[in-house]
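structure.cif (mmCIF, C-alpha atoms) appears below.
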data_entry
loop_
_atom_site.group_PDB
_atom_site.id
_atom_site.type_symbol
_atom_site.label_atom_id
_atom_site.label_comp_id
_atom_site.auth_asym_id
_atom_site.auth_seq_id
_atom_site.Cartn_x
_atom_site.Cartn_y
_atom_site.Cartn_z
ATOM 1 C CA MET A 1 25.214 -8.196 2.906
ATOM 2 C CA PRO A 2 22.427 -5.633 2.295
ATOM 3 C CA LYS A 3 21.615 -4.774 -1.310
ATOM 4 C CA VAL A 4 20.361 -1.173 -0.985
ATOM 5 C CA LEU A 5 19.990 -0.181 2.647
ATOM 6 C CA THR A 6 22.936 0.436 4.905
ATOM 7 C CA GLN A 7 23.119 -1.357 8.238
ATOM 8 C CA ALA A 8 22.353 1.974 9.882
ATOM 9 C CA GLN A 9 19.144 2.259 7.844
ATOM 10 C CA ILE A 10 18.134 -1.291 8.716
ATOM 11 C CA ASP A 11 18.725 -0.513 12.390
ATOM 12 C CA GLN A 12 16.694 2.691 12.032
ATOM 13 C CA PHE A 13 13.756 0.744 10.592
ATOM 14 C CA ARG A 14 13.888 -1.689 13.508
ATOM 15 C CA GLU A 15 14.128 1.064 16.133
ATOM 16 C CA GLN A 16 12.099 3.923 14.629
ATOM 17 C CA GLY A 17 9.804 2.130 12.195
ATOM 18 C CA PHE A 18 10.749 3.964 9.013
ATOM 19 C CA VAL A 19 13.539 4.830 6.562
ATOM 20 C CA SER A 20 13.407 7.835 4.225
ATOM 21 C CA PRO A 21 14.307 8.978 1.635
ATOM 22 C CA ILE A 22 15.559 6.224 -0.681
ATOM 23 C CA ARG A 23 16.180 6.999 -4.346
ATOM 24 C CA VAL A 24 14.777 4.196 -6.546
ATOM 25 C CA MET A 25 14.304 5.882 -9.933
ATOM 26 C CA SER A 26 15.125 9.063 -11.791
ATOM 27 C CA ASP A 27 12.986 12.193 -11.879
ATOM 28 C CA ALA A 28 12.194 11.351 -15.515
ATOM 29 C CA GLU A 29 10.947 7.866 -14.608
ATOM 30 C CA ALA A 30 8.739 9.296 -11.862
ATOM 31 C CA LEU A 31 7.352 11.877 -14.292
ATOM 32 C CA GLY A 32 6.645 9.084 -16.760
ATOM 33 C CA ASN A 33 4.534 7.323 -14.122
ATOM 34 C CA ARG A 34 2.643 10.523 -13.399
ATOM 35 C CA ASN A 35 2.056 11.077 -17.123
ATOM 36 C CA ARG A 36 0.667 7.563 -17.567
ATOM 37 C CA LEU A 37 -1.728 8.067 -14.672
ATOM 38 C CA GLU A 38 -2.904 11.459 -15.881
ATOM 39 C CA ARG A 39 -3.295 10.231 -19.472
ATOM 40 C CA PHE A 40 -5.731 7.601 -18.208
ATOM 41 C CA GLU A 41 -7.542 10.229 -16.140
ATOM 42 C CA ARG A 42 -7.938 12.471 -19.209
ATOM 43 C CA GLU A 43 -9.244 9.549 -21.255
ATOM 44 C CA THR A 44 -11.807 8.625 -18.583
ATOM 45 C CA GLY A 45 -12.916 12.148 -17.766
ATOM 46 C CA GLY A 46 -11.617 12.808 -14.273
ATOM 47 C CA PRO A 47 -9.261 11.991 -11.399
ATOM 48 C CA LEU A 48 -8.686 8.351 -10.539
ATOM 49 C CA GLY A 49 -11.195 7.442 -7.876
ATOM 50 C CA GLY A 50 -13.166 4.747 -6.138
ATOM 51 C CA ASN A 51 -11.947 1.178 -6.372
ATOM 52 C CA LEU A 52 -9.421 2.029 -9.079
ATOM 53 C CA ARG A 53 -7.158 3.467 -6.382
ATOM 54 C CA HIS A 54 -6.972 0.034 -4.755
ATOM 55 C CA LYS A 55 -4.763 -2.767 -6.175
ATOM 56 C CA ALA A 56 -4.302 -0.860 -9.430
ATOM 57 C CA HIS A 57 -1.202 -2.975 -10.136
ATOM 58 C CA LEU A 58 -3.642 -5.680 -11.271
ATOM 59 C CA LEU A 59 -5.117 -3.314 -13.865
ATOM 60 C CA PHE A 60 -2.152 -1.431 -15.330
ATOM 61 C CA THR A 61 0.950 -3.099 -16.716
ATOM 62 C CA TRP A 62 3.186 -0.166 -15.771
ATOM 63 C CA LEU A 63 2.113 -0.457 -12.124
ATOM 64 C CA ALA A 64 2.671 -4.226 -12.263
ATOM 65 C CA ASP A 65 6.211 -3.340 -13.347
ATOM 66 C CA LEU A 66 6.548 -0.777 -10.552
ATOM 67 C CA VAL A 67 5.686 -3.216 -7.746
ATOM 68 C CA ARG A 68 8.456 -5.426 -9.183
ATOM 69 C CA HIS A 69 11.005 -2.609 -9.516
ATOM 70 C CA PRO A 70 14.373 -4.202 -8.679
ATOM 71 C CA ARG A 71 15.637 -1.395 -6.478
ATOM 72 C CA ILE A 72 12.426 -1.236 -4.429
ATOM 73 C CA LEU A 73 12.487 -5.003 -3.980
ATOM 74 C CA ASP A 74 16.164 -4.923 -3.039
ATOM 75 C CA ALA A 75 15.391 -2.447 -0.247
ATOM 76 C CA VAL A 76 12.471 -4.532 1.019
ATOM 77 C CA GLU A 77 14.555 -7.711 0.808
ATOM 78 C CA ASP A 78 17.111 -6.071 3.094
ATOM 79 C CA LEU A 79 14.359 -5.969 5.729
ATOM 80 C CA TYR A 80 12.314 -9.127 5.176
ATOM 81 C CA GLY A 81 14.280 -11.536 3.028
ATOM 82 C CA PRO A 82 14.147 -12.734 -0.593
ATOM 83 C CA ASP A 83 10.640 -14.284 -0.743
ATOM 84 C CA LEU A 84 8.175 -11.424 -1.092
ATOM 85 C CA LEU A 85 4.534 -10.833 -1.932
ATOM 86 C CA CYS A 86 2.868 -7.578 -2.901
ATOM 87 C CA TRP A 87 -0.254 -7.856 -0.787
ATOM 88 C CA THR A 88 -1.953 -4.671 -1.978
ATOM 89 C CA THR A 89 -1.386 -1.179 -3.355
ATOM 90 C CA ASN A 90 -3.156 2.133 -2.842
ATOM 91 C CA PHE A 91 -2.984 5.501 -4.561
ATOM 92 C CA PHE A 92 -2.982 8.472 -2.190
ATOM 93 C CA ILE A 93 -3.725 11.481 -4.384
ATOM 94 C CA LYS A 94 -4.297 14.928 -2.951
ATOM 95 C CA GLU A 95 -5.590 17.437 -5.458
ATOM 96 C CA LYS A 96 -4.213 20.973 -5.397
ATOM 97 C CA SER A 97 -5.694 23.337 -2.783
ATOM 98 C CA ASN A 98 -7.872 20.538 -1.456
ATOM 99 C CA PRO A 99 -8.966 19.699 2.123
ATOM 100 C CA ALA A 100 -8.294 15.937 1.778
ATOM 101 C CA PHE A 101 -6.127 14.558 4.582
ATOM 102 C CA VAL A 102 -5.120 11.260 6.211
ATOM 103 C CA SER A 103 -5.826 10.892 9.935
ATOM 104 C CA TRP A 104 -3.320 9.509 12.424
ATOM 105 C CA HIS A 105 -3.560 5.726 12.189
ATOM 106 C CA GLN A 106 -1.775 2.390 11.984
ATOM 107 C CA ASP A 107 -2.069 0.474 8.723
ATOM 108 C CA SER A 108 -2.564 -2.826 10.546
ATOM 109 C CA THR A 109 -5.915 -1.903 12.122
ATOM 110 C CA TYR A 110 -8.210 -3.903 9.825
ATOM 111 C CA TRP A 111 -5.818 -6.028 7.796
ATOM 112 C CA GLY A 112 -6.078 -9.340 9.641
ATOM 113 C CA LEU A 113 -2.550 -10.544 8.889
ATOM 114 C CA SER A 114 -0.873 -13.097 11.140
ATOM 115 C CA GLN A 115 2.209 -11.007 12.010
ATOM 116 C CA PRO A 116 3.170 -7.333 11.771
ATOM 117 C CA ASP A 117 5.982 -8.106 9.309
ATOM 118 C CA VAL A 118 4.590 -5.724 6.710
ATOM 119 C CA VAL A 119 6.352 -2.792 5.083
ATOM 120 C CA THR A 120 4.915 -0.040 2.908
ATOM 121 C CA ALA A 121 7.021 1.429 0.129
ATOM 122 C CA TRP A 122 5.479 4.879 -0.462
ATOM 123 C CA VAL A 123 6.529 5.905 -3.986
ATOM 124 C CA ALA A 124 6.537 9.624 -4.797
ATOM 125 C CA PHE A 125 5.275 10.450 -8.299
ATOM 126 C CA THR A 126 5.485 14.150 -7.330
ATOM 127 C CA LEU A 127 7.132 16.214 -4.636
ATOM 128 C CA ALA A 128 5.912 15.486 -1.122
ATOM 129 C CA ASN A 129 6.623 18.333 1.300
ATOM 130 C CA ALA A 130 5.127 20.608 3.951
ATOM 131 C CA GLY A 131 3.092 22.546 1.407
ATOM 132 C CA ASN A 132 1.317 19.643 -0.247
ATOM 133 C CA GLY A 133 0.677 17.299 2.668
ATOM 134 C CA ALA A 134 3.679 14.998 3.031
ATOM 135 C CA MET A 135 3.367 12.031 5.368
ATOM 136 C CA GLU A 136 4.243 12.575 9.023
ATOM 137 C CA VAL A 137 5.208 9.778 11.423
ATOM 138 C CA ILE A 138 5.737 9.169 15.136
ATOM 139 C CA PRO A 139 9.184 7.503 15.397
ATOM 140 C CA GLY A 140 9.189 4.341 17.484
ATOM 141 C CA SER A 141 5.383 4.090 17.661
ATOM 142 C CA HIS A 142 5.455 0.736 15.836
ATOM 143 C CA LYS A 143 6.639 -0.803 19.116
ATOM 144 C CA LEU A 144 3.337 0.059 20.842
ATOM 145 C CA ASP A 145 1.556 -2.949 19.324
ATOM 146 C CA GLN A 146 -1.974 -2.407 17.980
ATOM 147 C CA ILE A 147 -3.568 0.818 19.296
ATOM 148 C CA PRO A 148 -7.377 1.107 19.526
ATOM 149 C CA HIS A 149 -8.901 3.093 16.655
ATOM 150 C CA ARG A 150 -12.237 4.807 16.165
ATOM 151 C CA ASP A 151 -14.073 5.213 12.857
ATOM 152 C CA THR A 152 -14.977 8.819 12.040
ATOM 153 C CA PHE A 153 -16.070 8.552 8.391
ATOM 154 C CA ALA A 154 -14.877 12.159 8.093
ATOM 155 C CA LYS A 155 -15.823 13.673 4.747
ATOM 156 C CA HIS A 156 -12.341 14.639 3.587
ATOM 157 C CA ASN A 157 -10.415 11.723 5.083
ATOM 158 C CA LEU A 158 -8.723 9.618 2.382
ATOM 159 C CA LEU A 159 -9.062 6.480 4.534
ATOM 160 C CA THR A 160 -12.166 4.433 3.757
ATOM 161 C CA ARG A 161 -13.559 4.515 7.291
ATOM 162 C CA GLY A 162 -11.840 7.691 8.452
ATOM 163 C CA GLN A 163 -10.173 5.579 11.123
ATOM 164 C CA GLU A 164 -7.936 7.323 13.630
ATOM 165 C CA ILE A 165 -6.083 6.280 16.749
ATOM 166 C CA ALA A 166 -8.154 6.744 19.900
ATOM 167 C CA VAL A 167 -5.387 8.596 21.760
ATOM 168 C CA GLU A 168 -3.929 12.086 21.510
ATOM 169 C CA VAL A 169 -0.853 12.578 19.304
ATOM 170 C CA ASP A 170 2.127 14.504 20.692
ATOM 171 C CA HIS A 171 2.897 16.694 17.678
ATOM 172 C CA SER A 172 6.282 17.662 19.095
ATOM 173 C CA LYS A 173 7.459 14.122 18.292
ATOM 174 C CA THR A 174 6.373 13.993 14.649
ATOM 175 C CA VAL A 175 8.782 13.708 11.725
ATOM 176 C CA ARG A 176 7.781 14.765 8.199
ATOM 177 C CA LEU A 177 8.951 12.539 5.342
ATOM 178 C CA ASP A 178 9.742 14.919 2.495
ATOM 179 C CA LEU A 179 10.329 13.172 -0.825
ATOM 180 C CA GLU A 180 11.487 14.115 -4.299
ATOM 181 C CA PRO A 181 9.848 12.452 -7.332
ATOM 182 C CA GLY A 182 11.395 8.998 -7.725
ATOM 183 C CA GLU A 183 12.152 8.570 -4.024
ATOM 184 C CA ILE A 184 10.412 6.255 -1.574
ATOM 185 C CA SER A 185 9.925 5.977 2.139
ATOM 186 C CA LEU A 186 9.591 2.644 3.926
ATOM 187 C CA HIS A 187 7.402 2.357 6.997
ATOM 188 C CA HIS A 188 6.312 -0.444 9.342
ATOM 189 C CA VAL A 189 2.680 -1.550 9.402
ATOM 190 C CA ARG A 190 2.226 -0.404 13.012
ATOM 191 C CA LEU A 191 3.945 2.966 12.713
ATOM 192 C CA VAL A 192 1.532 5.759 13.614
ATOM 193 C CA HIS A 193 1.346 8.163 10.679
ATOM 194 C CA GLY A 194 -0.904 10.631 8.897
ATOM 195 C CA SER A 195 -0.758 13.651 6.616
ATOM 196 C CA PRO A 196 -2.374 17.094 6.360
ATOM 197 C CA SER A 197 -4.150 18.597 3.382
ATOM 198 C CA ASN A 198 -2.526 19.920 0.217
ATOM 199 C CA THR A 199 -2.476 23.723 0.164
ATOM 200 C CA SER A 200 -0.154 23.972 -2.862
ATOM 201 C CA ASP A 201 -0.991 24.690 -6.507
ATOM 202 C CA ASP A 202 -0.133 21.170 -7.727
ATOM 203 C CA ARG A 203 -1.262 17.628 -7.024
ATOM 204 C CA ARG A 204 0.535 15.379 -4.556
ATOM 205 C CA ILE A 205 0.602 11.817 -5.886
ATOM 206 C CA GLY A 206 1.858 8.848 -3.890
ATOM 207 C CA PHE A 207 1.581 5.135 -4.608
ATOM 208 C CA ALA A 208 1.746 2.903 -1.535
ATOM 209 C CA ILE A 209 2.953 -0.676 -2.101
ATOM 210 C CA ARG A 210 2.382 -3.116 0.786
ATOM 211 C CA TYR A 211 4.948 -5.919 0.858
ATOM 212 C CA ILE A 212 4.883 -9.013 3.041
ATOM 213 C CA PRO A 213 7.171 -12.056 3.384
ATOM 214 C CA THR A 214 5.583 -15.245 2.093
ATOM 215 C CA TYR A 215 5.293 -16.814 5.562
ATOM 216 C CA LEU A 216 2.498 -14.431 6.589
ATOM 217 C CA ARG A 217 -1.096 -15.596 6.335
ATOM 218 C CA GLN A 218 -4.550 -14.053 6.434
ATOM 219 C CA LEU A 219 -6.477 -14.879 9.622
ATOM 220 C CA PHE A 220 -9.940 -14.119 8.210
ATOM 221 C CA GLY A 221 -10.788 -16.283 5.220
ATOM 222 C CA ASP A 222 -9.338 -16.290 1.726
ATOM 223 C CA ASP A 223 -6.937 -13.636 0.469
ATOM 224 C CA SER A 224 -4.728 -13.020 -2.538
ATOM 225 C CA ALA A 225 -1.375 -11.429 -3.329
ATOM 226 C CA SER A 226 1.184 -11.131 -6.129
ATOM 227 C CA LEU A 227 4.467 -13.003 -5.904
ATOM 228 C CA VAL A 228 7.066 -10.372 -6.824
ATOM 229 C CA ARG A 229 10.342 -11.986 -5.754
ATOM 230 C CA GLY A 230 11.626 -15.410 -4.798
ATOM 231 C CA GLU A 231 9.501 -18.465 -4.061
ATOM 232 C CA ASP A 232 6.206 -18.974 -2.250
ATOM 233 C CA ARG A 233 6.714 -22.192 -0.289
ATOM 234 C CA TYR A 234 3.797 -21.565 2.091
ATOM 235 C CA ARG A 235 0.887 -20.977 -0.313
ATOM 236 C CA HIS A 236 -1.090 -19.008 2.259
ATOM 237 C CA PHE A 237 -2.381 -16.621 -0.410
ATOM 238 C CA GLU A 238 -3.986 -17.138 -3.786
ATOM 239 C CA LEU A 239 -1.368 -15.924 -6.261
ATOM 240 C CA GLU A 240 -2.676 -13.195 -8.535
ATOM 241 C CA PRO A 241 -1.860 -13.180 -12.245
ATOM 242 C CA ARG A 242 0.077 -10.342 -13.821
ATOM 243 C CA PRO A 243 -1.804 -8.126 -16.301
ATOM 244 C CA VAL A 244 -0.734 -8.435 -19.932
ATOM 245 C CA ARG A 245 -2.534 -5.264 -21.039
ATOM 246 C CA ASP A 246 -4.094 -2.281 -19.304
ATOM 247 C CA MET A 247 -7.693 -2.661 -18.052
ATOM 248 C CA ASP A 248 -8.015 -6.235 -19.287
ATOM 249 C CA PRO A 249 -11.636 -7.425 -18.780
ATOM 250 C CA ASP A 250 -10.574 -10.610 -16.966
ATOM 251 C CA MET A 251 -8.345 -8.630 -14.623
ATOM 252 C CA LEU A 252 -11.154 -6.140 -14.025
ATOM 253 C CA ALA A 253 -13.376 -9.041 -12.931
ATOM 254 C CA LEU A 254 -10.678 -10.283 -10.572
ATOM 255 C CA HIS A 255 -10.105 -6.774 -9.225
ATOM 256 C CA GLN A 256 -13.801 -6.315 -8.510
ATOM 257 C CA ALA A 257 -13.831 -9.510 -6.420
ATOM 258 C CA ILE A 258 -11.075 -8.438 -4.017
ATOM 259 C CA PRO A 259 -12.141 -6.810 -0.714
ATOM 260 C CA VAL A 260 -10.861 -3.367 0.280
ATOM 261 C CA THR A 261 -8.085 -3.855 2.831
ATOM 262 C CA THR A 262 -9.281 -1.123 5.214
ATOM 263 C CA LYS A 263 -12.695 -2.730 5.699
ATOM 264 C CA PRO A 264 -12.898 -4.901 8.857
ATOM 265 C CA ARG A 265 -12.575 -8.525 7.846
ATOM 266 C CA GLN A 266 -15.127 -11.090 8.932
ATOM 267 C CA ARG A 267 -13.892 -14.478 10.114
ATOM 268 C CA ARG A 268 -15.021 -17.167 7.700
ATOM 269 C CA PRO A 269 -13.762 -20.655 6.884
ATOM 270 C CA ARG A 270 -11.108 -21.170 4.278
ATOM 271 C CA ARG A 271 -12.034 -23.067 1.156
ATOM 272 C CA THR A 272 -10.070 -25.596 -0.812
ATOM 273 C CA ARG A 273 -7.085 -24.153 -2.625
ATOM 274 C CA TRP A 274 -7.362 -23.321 -6.289
ATOM 275 C CA THR A 275 -4.807 -23.372 -9.075
ATOM 276 C CA GLY A 276 -6.368 -21.943 -12.170
ATOM 277 C CA SER A 277 -7.431 -19.032 -14.317
ATOM 278 C CA THR A 278 -8.131 -15.390 -13.579
ATOM 279 C CA LYS A 279 -11.844 -16.217 -13.713
ATOM 280 C CA THR A 280 -11.385 -18.929 -11.106
ATOM 281 C CA CYS A 281 -9.467 -16.506 -8.892
ATOM 282 C CA ALA A 282 -12.321 -13.987 -9.097
ATOM 283 C CA GLU A 283 -14.916 -16.619 -8.271
ATOM 284 C CA ARG A 284 -12.893 -17.700 -5.242
ATOM 285 C CA LEU A 285 -12.876 -14.216 -3.747
ATOM 286 C CA THR A 286 -16.423 -13.004 -4.378
ATOM 287 C CA THR A 287 -17.588 -13.606 -0.805
ATOM 288 C CA GLY A 288 -15.956 -10.313 0.186
ATOM 289 C CA ARG A 289 -17.336 -7.363 -1.783
ATOM 290 C CA ARG A 290 -15.585 -4.033 -1.814
ATOM 291 C CA ASP A 291 -16.555 -0.625 -0.565
ATOM 292 C CA THR A 292 -16.985 2.012 -3.244
ATOM 293 C CA LYS A 293 -15.104 4.778 -1.451
ATOM 294 C CA SER A 294 -11.405 5.255 -2.169
ATOM 295 C CA PRO A 295 -8.721 4.330 0.378
#
For this file, produce the structure as structure tokens.
Amino acid sequence: MPKVLTQAQIDQFREQGFVSPIRVMSDAEALGNRNRLERFERETGGPLGGNLRHKAHLLFTWLADLVRHPRILDAVEDLYGPDLLCWTTNFFIKEKSNPAFVSWHQDSTYWGLSQPDVVTAWVAFTLANAGNGAMEVIPGSHKLDQIPHRDTFAKHNLLTRGQEIAVEVDHSKTVRLDLEPGEISLHHVRLVHGSPSNTSDDRRIGFAIRYIPTYLRQLFGDDSASLVRGEDRYRHFELEPRPVRDMDPDMLALHQAIPVTTKPRQRRPRRTRWTGSTKTCAERLTTGRRDTKSP
């Protein structure tokens, strides 16, 4: 029996590639997350940027808690079972009255995972609506398999390579996923989606959590993930430690060693499996260095 989603919502995800909205926390909890983010930004002198927008759940204890939020995991379990990894996370922050946008794309383009059994939980820290650049999707497009993409490296594109699908989008078929703070949307890794710029007078802050079942594997060398529910019987990924304090130096070293997920992966041989410290984990992953531009 499903824990959070109805059978109709599960069927919608299978047929249309998304479910939205799903309430997972209160407005006050969502505001608390925004306040924690913006407190760090004030302390460091500016908006969160660069590599800190990627896999930030390894750097901040409150984000490590968020990727393990019981209600989010219950919803994902309804789709992919009880054994779950958080493969990566990404902040998508659009500043007020800013031209930043996300081009039409599929998440799976450069990820190199063995199967498309990947779901993104997009967590709204703020409102997401027509005025501030809410996500838009093409229902059913996840059934098209992998679509060719082209890299544009457009200046204001929030994607690292500015990748976009190499076909025209029929805008009459798009659906906008409006969210209140504390709500999430779930979307399939091959669902075509994008979002326009924020023309409002406030920031739009979303935190995208990428969940995979433990049976998936990386096709291009070593990779890591965080076990967030159940048991990992396959051991296809190096299991990441959980931070015990914000911006811990050992976790920063590990974070720096992990490749950006939107960079094309190079096929390389796997090495012997490790079971050890954060330092060992970082050393194991240093063959793939990260881009400096935010996802």
### Message
Assuming the chain letters and numbering stay as they are in my file, what does the PyMOL selection byres ((chain A and resi 141) around 12) actually select? List them as an MDAnalysis selection string.
### Response
chainID A and resid 13:18 104:106 137:140 142:147 165 169:170 173:175 187:193
Let's have the selection written as a PDB file, in the coordinates of the input, with C-alpha atoms.
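After the write, out.pdb holds the following:
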ATOM      1  CA  PHE A  13      13.756   0.744  10.592  1.00  0.00           C
ATOM      2  CA  ARG A  14      13.888  -1.689  13.508  1.00  0.00           C
ATOM      3  CA  GLU A  15      14.128   1.064  16.133  1.00  0.00           C
ATOM      4  CA  GLN A  16      12.099   3.923  14.629  1.00  0.00           C
ATOM      5  CA  GLY A  17       9.804   2.130  12.195  1.00  0.00           C
ATOM      6  CA  PHE A  18      10.749   3.964   9.013  1.00  0.00           C
ATOM      7  CA  TRP A 104      -3.320   9.509  12.424  1.00  0.00           C
ATOM      8  CA  HIS A 105      -3.560   5.726  12.189  1.00  0.00           C
ATOM      9  CA  GLN A 106      -1.775   2.390  11.984  1.00  0.00           C
ATOM     10  CA  VAL A 137       5.208   9.778  11.423  1.00  0.00           C
ATOM     11  CA  ILE A 138       5.737   9.169  15.136  1.00  0.00           C
ATOM     12  CA  PRO A 139       9.184   7.503  15.397  1.00  0.00           C
ATOM     13  CA  GLY A 140       9.189   4.341  17.484  1.00  0.00           C
ATOM     14  CA  HIS A 142       5.455   0.736  15.836  1.00  0.00           C
ATOM     15  CA  LYS A 143       6.639  -0.803  19.116  1.00  0.00           C
ATOM     16  CA  LEU A 144       3.337   0.059  20.842  1.00  0.00           C
ATOM     17  CA  ASP A 145       1.556  -2.949  19.324  1.00  0.00           C
ATOM     18  CA  GLN A 146      -1.974  -2.407  17.980  1.00  0.00           C
ATOM     19  CA  ILE A 147      -3.568   0.818  19.296  1.00  0.00           C
ATOM     20  CA  ILE A 165      -6.083   6.280  16.749  1.00  0.00           C
ATOM     21  CA  VAL A 169      -0.853  12.578  19.304  1.00  0.00           C
ATOM     22  CA  ASP A 170       2.127  14.504  20.692  1.00  0.00           C
ATOM     23  CA  LYS A 173       7.459  14.122  18.292  1.00  0.00           C
ATOM     24  CA  THR A 174       6.373  13.993  14.649  1.00  0.00           C
ATOM     25  CA  VAL A 175       8.782  13.708  11.725  1.00  0.00           C
ATOM     26  CA  HIS A 187       7.402   2.357   6.997  1.00  0.00           C
ATOM     27  CA  HIS A 188       6.312  -0.444   9.342  1.00  0.00           C
ATOM     28  CA  VAL A 189       2.680  -1.550   9.402  1.00  0.00           C
ATOM     29  CA  ARG A 190       2.226  -0.404  13.012  1.00  0.00           C
ATOM     30  CA  LEU A 191       3.945   2.966  12.713  1.00  0.00           C
ATOM     31  CA  VAL A 192       1.532   5.759  13.614  1.00  0.00           C
ATOM     32  CA  HIS A 193       1.346   8.163  10.679  1.00  0.00           C
TER      33      HIS A 193
END
### Task
Give the answer as one residue: which of A:Thr214, A:Thr88, A:Ser103, A:Asn35 has the shortest atom-to-atom distance to A:Asp117, using all atoms listed in the file?
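Of A:Thr214, A:Thr88, A:Ser103, A:Asn35, the one nearest A:Asp117 is A:Thr214, counting all atoms listed in the file.
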### Message
Just checking: using all atoms listed in the file, which residue out of A:Leu85, A:Leu48, A:Pro181, A:Ser20 ends up closest to A:Arg233?
### Response
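Nearest candidate to A:Arg233 out of A:Leu85, A:Leu48, A:Pro181, A:Ser20: A:Leu85.
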To test the calculation: enclose all listed atoms of stretch 109-127 of chain A in a box whose edges run along x, y and z, add 6 Å on each side, then state centre and edge lengths in Å to one decimal, as JSON.
{"center_x": -0.5, "center_y": 1.6, "center_z": 1.9, "size_x": 27.3, "size_y": 41.3, "size_z": 32.4}
Would you pick out the contacts of stretch 236-243 of chain A at 6 Å or less, using only C-alpha atoms, so that residues sharing its chain but fewer than 5 positions from it are not included, and give the list as a compact mmCIF listing (two decimals) with C-alpha atoms, in the frame of the given file?
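Below is the file around.txt, written as the result:
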# COMPACT_ATOMS: atom_id res chain seq x y z
CA LEU A 58 -3.64 -5.68 -11.27
CA THR A 61 0.95 -3.10 -16.72
CA ARG A 217 -1.10 -15.60 6.34
CA ASP A 223 -6.94 -13.64 0.47
CA SER A 224 -4.73 -13.02 -2.54
CA ALA A 225 -1.38 -11.43 -3.33
CA SER A 226 1.18 -11.13 -6.13
### Task
Identify, on the basis of only C-alpha atoms, every residue whose closest approach to A:Met25 does not exceed 9 Å; exclude the query and any residue fewer than 4 positions from it along the same chain; express the result as JSON, numbers by chain.
{"A": [29, 30, 71, 181, 182, 183]}
### Message
Given all atoms listed in the file as the basis, pick out the residue of A:Pro249, A:Pro99, A:Pro196, A:Pro213 nearest to A:Pro116.
### Response
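Closest to A:Pro116 of all the choices is A:Pro213.
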### Query
At what distance in Å, to one decimal, does atom CA of A:Leu159 lie from atom CA of A:Tyr211?
19.1 Å
### Message
Which residues, named as in the file, does the PyMOL selection byres ((chain A and resi 21) around 7) pick out? Answer as a list in words.
### Response
Val19, Ser20, Ile22, Arg23, Leu179, Glu183, Ile184 and Ser185 of chain A
### Task
Figure out the distance between atom CA of A:His255 and atom CA of A:Asp222, please, to one decimal in Å.
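Straight-line distance from atom CA of A:Asp222 to atom CA of A:His255 works out to 14.5 Å.
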### Task
Any chance you could resolve the PyMOL selection byres ((chain A and resi 36) around 12) against this file and give the residues as a count of residues only?
21
### Task
Have a look at A:Thr6, A:Ser97, A:Asn51, A:Thr120 and name the one nearest to A:Thr199; count all atoms listed in the file.
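Among the listed residues, A:Ser97 lies closest to A:Thr199.
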### Query
atom CA of A:Asp65 and atom CA of A:Cys86 are how many Å apart?
11.8 Å
### Query
Which of these residues is nearest to A:His171, using only C-alpha atoms: A:Leu227, A:Trp87, A:Gly194, A:Phe207?
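Counting only C-alpha atoms, the residue closest to A:His171 is A:Gly194.
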### Message
Residues within 8 Å of A:Ser114, please, as an NGL selection string. Count only C-alpha atoms; anything in the same chain fewer than 3 positions from it doesn't count.
### Response
:A and (216-219)
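The residue that comes closest to A:Asn198, out of A:Arg210, A:Arg150, A:Lys94, A:Arg53 and on the basis of only C-alpha atoms, is A:Lys94.
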### Query
Skipping near chain neighbours, those fewer than 4 positions away, what residues fall within 10 Å of A:Ile209 using all atoms listed in the file, listed as an MDAnalysis selection string?
chainID A and resid 55 57 66:67 72 86:91 119:123 186
Any chance you could export the current selection's C-alpha atoms as a PDB file, keeping the file's coordinate frame?
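Listed below is the output, selection12.pdb:
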ATOM      1  CA  LYS A  55      -4.763  -2.767  -6.175  1.00  0.00           C
ATOM      2  CA  HIS A  57      -1.202  -2.975 -10.136  1.00  0.00           C
ATOM      3  CA  LEU A  66       6.548  -0.777 -10.552  1.00  0.00           C
ATOM      4  CA  VAL A  67       5.686  -3.216  -7.746  1.00  0.00           C
ATOM      5  CA  ILE A  72      12.426  -1.236  -4.429  1.00  0.00           C
ATOM      6  CA  CYS A  86       2.868  -7.578  -2.901  1.00  0.00           C
ATOM      7  CA  TRP A  87      -0.254  -7.856  -0.787  1.00  0.00           C
ATOM      8  CA  THR A  88      -1.953  -4.671  -1.978  1.00  0.00           C
ATOM      9  CA  THR A  89      -1.386  -1.179  -3.355  1.00  0.00           C
ATOM     10  CA  ASN A  90      -3.156   2.133  -2.842  1.00  0.00           C
ATOM     11  CA  PHE A  91      -2.984   5.501  -4.561  1.00  0.00           C
ATOM     12  CA  VAL A 119       6.352  -2.792   5.083  1.00  0.00           C
ATOM     13  CA  THR A 120       4.915  -0.040   2.908  1.00  0.00           C
ATOM     14  CA  ALA A 121       7.021   1.429   0.129  1.00  0.00           C
ATOM     15  CA  TRP A 122       5.479   4.879  -0.462  1.00  0.00           C
ATOM     16  CA  VAL A 123       6.529   5.905  -3.986  1.00  0.00           C
ATOM     17  CA  LEU A 186       9.591   2.644   3.926  1.00  0.00           C
TER      18      LEU A 186
END
### Protein/DNA/RNA residues near (-4.4, 16.6, -5.9), cut 6 Å, only C-alpha atoms, as a list in words
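These residues have at least one counted atom within 6 Å: Ile93, Lys94, Glu95, Lys96, Arg203 and Arg204 of chain A.
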Serialized stretch 94-104 of chain A w/ C-alpha atoms as a compact mmCIF listing (two decimals), in the first residue's frame:
# COMPACT_ATOMS: atom_id res chain seq x y z
CA LYS A 94 16.87 32.62 -9.54
CA GLU A 95 17.53 36.08 -8.17
CA LYS A 96 14.79 38.69 -8.37
CA SER A 97 14.37 40.47 -11.73
CA ASN A 98 17.13 38.36 -13.22
CA PRO A 99 17.52 36.88 -16.74
CA ALA A 100 18.67 33.43 -15.49
CA PHE A 101 16.69 30.57 -17.02
CA VAL A 102 16.84 26.80 -17.55
CA SER A 103 16.66 25.55 -21.14
CA TRP A 104 14.47 22.66 -22.26
